[in-house]
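Undergrad: Structure below; questions to follow.
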Amino acid sequence: MNQDKTINVQTFLNEHPFSGYQWLVLGLCFFIVLLDGFDTAAIGYIAPSLLKEWGIGKSALGPVLSAALFGLATGALFAGPLADRYGRKLALVGSALLFGFACLGSSFADSLDKLTILRFVTGIGLGAAMPNAITLMSEYCPDRRRALITNAMFSGFPLGAAFGGFLAAWMIPQWGWRSVLLLGGVIPLVLVVLLYFFLPESVRYMVAKKLPVEKIRAVLIRVSAAAAGAKSFIMTEQASKTTAKSGLGVVLSRGYLVGSVMMWLAYFMGLVIFYALITWMPILMKDAGLEPKDATLISALFPLGGVGAIFFGWLMDRTNANRVIAVGYALTAIFIYAIGQAAGNVGMLMLLVLLAGTLMNTAQVSMPALAAGFYPTQGRATGVAWMLGIGRFGGIAGSILVAELTRRQLGFSEIFMVVAIPGAIAAVALIVKQFAHPETPLEHTFAIKEAHNHVEEAQFAAH
């Protein structure tokens with residue numbers, strides 16, 4: 001490549017070591033997702049103290065919990081198209097600012113109505129932040145490590161949720177439930193300052209939008225000094241399957257529609273399982289005859305999974321990503337069904353819940369990396385965001401599903417058999433996506449190299 005004339009940005013990222021500047025981008029995006037996890041889970045940690053202080057019943061918290069979920073979906077659905085039009089950095093800074101101020105305001109709420117409104121606004125910011133952090137990070141990754149790095153960054157979400165629990169357990173007895181929301185608001189506002197000054201815009205987005213060469217060069221020099229002599233920048237991707245210009249137009253175009261719908265379905269079904277079991281497992285375990293302490297302990301093992309996402313990311317970079325995640329969902333269905341057959345055996349339940357949770361969270365955490373690799377730059381933020389946004393409604397459906405099953409008086413084994421079905425549906429959806437879009441990482445890399453060679457040949461012919 002003649003670097004004193006033209007640089008292909010993705011080839012440049014592929015050929016140079018992962019720099020300190022890229023580690024900075026990874027760190028900032030990781031903390032965004034970490035805070036997202038903390039703030040999303042905050043209402044669950046403060047709920048017991050909130051009920052006690054305000055003297056209300058559990059059912060009164062329903063609107064507050066629902067408001068946050070609807071906010072998350074709303075934020076994701078709107079943020080993707082905005083990021084594809086105005087940039088990833090602007091969307092990230094704006095969303096962090098929004099959920100920081102809204103969470104801070106929640107700490108001063110003096111009624112359920114005010115708290116419900118503020119949790120909805122907080123949810124909008126949270127829902128907008130995560131997909132744009134994923135998109136921005138994926139666009140600074142070399143092809144051979146994209147899924148691995150993106151999955152590692154996304155693991156900040158469950159870590160933030162878990163860390164928030166330990167922090168809340170320490171803070172609430174000393175300073176009350178408002179202190180958790182106060183902290184959840186102040187830290188994002190501090191992070192906004194760091195994002196504004198240190199987070200770069202996506203270099204792929206800048207090239208796609210034909211921003212000034214000086215801006216692109218200034219960012220790539222931070223990755224490697226080899227970019228200093230560049231006079232222009234290009235970007236080659238797999239040939240886009242659409243001529244659509246808007247992000248949403250790309251996602252819904254004929255060339256991407258089947259893949260989009262299948263990823264929406266898989267992510268939706270994954271959250272059906274996650275929220276169904278997170279919300280109801282302690283109650284189901286207790287009703288099955290376990291002591292309350294054992295029921296709580298066993299249920300707490302389910303969300304601990306997700307560390308396998310880094311291993312899945314490694315596999316996704318080396319083999320067929322659709323099949324890797326499909327296997328994860330299929331095994332999730334098998335182990336969730338097995339939980340229903342192990343009632344009364346505490347040791348076996350602990351093992352099965354841990355395995356099911358690890359597989360479930362690993363598959364779910366891997367989905368954003370799959371979406372980020374599926375779409376071209378002009379539709380990537382929208383594609384990731386819409387998958388996350390539509391999937392949020394799966395969380396609502398999961399809670400309602402188990403409530404309806406218990407109302408119909410289904411037994412322990414029957415409930416877990418029904419909850420296992422969404423895992424099988426998610427696996428089938430990804431197999432359908434693979435048949436509709438039969439691509440592999442090796443083919444993707446070859447396509448990039450071929451396109452780059454054609455560019456160089458055209459430049460040589462022109463001279």
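Chain identifiers are assigned as A, B, and so on, following the order in which chains appear in the structure tokens; residues are numbered from 1 within each chain, and ligands are numbered from 1 in order of appearance.
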Need the shell around Leu136 in chain A: protein/DNA/RNA residues with any atom at most 9 Å away, counting only C-alpha atoms. Skip same-chain ones fewer than 2 positions apart. Format as number ranges by chain?

TA: A: 25, 29, 88-89, 131-134, 138-140, 201-203, 205, 381

Undergrad: I'd like the neighbourhood of Tyr86 in chain A as a VMD selection string, where a residue qualifies if any of its atoms comes within 12 Å (using only C-alpha atoms), though same-chain residues fewer than 5 positions away should be ignored.

TA: chain A and resid 79 to 81 91 to 92 94 132 201 to 202 205 to 206 208 to 209 211 246 to 247 378 381 to 382

Undergrad: Distance CA of Ser224 in chain A-CA of Arg145 in chain A, one decimal place?

TA: 17.8 Å

Undergrad: Using only C-alpha atoms, which residues sit within 12 Å of Gly127 in chain A once same-chain residues fewer than 2 positions away are excluded, as a ChimeraX atom specification?

TA: /A:32-33,35-37,39-40,68-80,91-92,94-96,98-99,119-125,129-134,384-392

Undergrad: Would you kindly return, as number ranges by chain, each protein, DNA or RNA residue with an atom no farther than 12 Å from any atom of Gly184 in chain A, considering only C-alpha atoms and excluding same-chain residues fewer than 5 positions away?

TA: A: 32, 34-43, 96-97, 99-107, 122, 126, 160-161, 164, 167-168, 177-179, 189-191

Undergrad: Residues near range 276-278 of chain A, anyone? I mean within 9 Å using only C-alpha atoms, not counting same-chain ones fewer than 4 positions away, as an MDAnalysis selection string.

TA: chainID A and resid 271:272 282 284 299:300 302:303 395:403 419

Undergrad: Considering only C-alpha atoms, can you say which of A:Ala436, A:Leu115, A:Met350, A:Thr6 comes closest to Phe233 in chain A?

TA: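 Looking at the shortest contact to Phe233 in chain A, the residue is A:Thr6.
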
Undergrad: I want to know what sits within 7 Å of Val9 in chain A, based on only C-alpha atoms, with residues of the same chain fewer than 2 positions away left out; could you give that as an NGL selection string?

TA: :A and (7 or 11-13 or 233-235)

Undergrad: Ranking A:Leu331, A:Leu220, A:Ala321, A:Val261 by minimum distance to Gly373 in chain A and counting only C-alpha atoms, which one comes first?

TA: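 Of A:Leu331, A:Leu220, A:Ala321, A:Val261, the one nearest Gly373 in chain A, counting only C-alpha atoms, is A:Ala321.
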
Undergrad: Between A:Ile298, A:Leu315, A:Ala356, A:Ile339, which residue has the minimum interatomic distance to Arg144 in chain A, considering only C-alpha atoms?

TA: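 Smallest distance to Arg144 in chain A is found for A:Leu315.
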
Undergrad: Could you pull the residues within 8 Å of Gly383 in chain A, counting only C-alpha atoms, minus those fewer than 4 positions along the same chain, as a PyMOL selection string?

TA: chain A and resi 80+247-248+251+260+371-372+375+379+387

Undergrad: Between A:Val418, A:Val219, A:Met262, A:Met281, single out the one closest to Tyr337 in chain A, counting only C-alpha atoms.

TA: A:Val418

Undergrad: Find the residue from A:Leu354, A:Leu24, A:Ala420, A:Val250 that sits nearest to Met153 in chain A; use only C-alpha atoms when measuring.

TA: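 Smallest separation from Met153 in chain A among the options: A:Leu24.
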
Undergrad: What gap, in Å, lies between CA of Phe18 in chain A and CA of Gly313 in chain A?

TA: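 That distance, rounded to one decimal, is 16.6 Å.
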
Undergrad: Measuring atom to atom with only C-alpha atoms, identify which of A:Ala169, A:Val365, A:Val324, A:Ala429 is nearest to Met263 in chain A.

TA: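 The shortest atom-to-atom distance to Met263 in chain A comes from A:Ala429.
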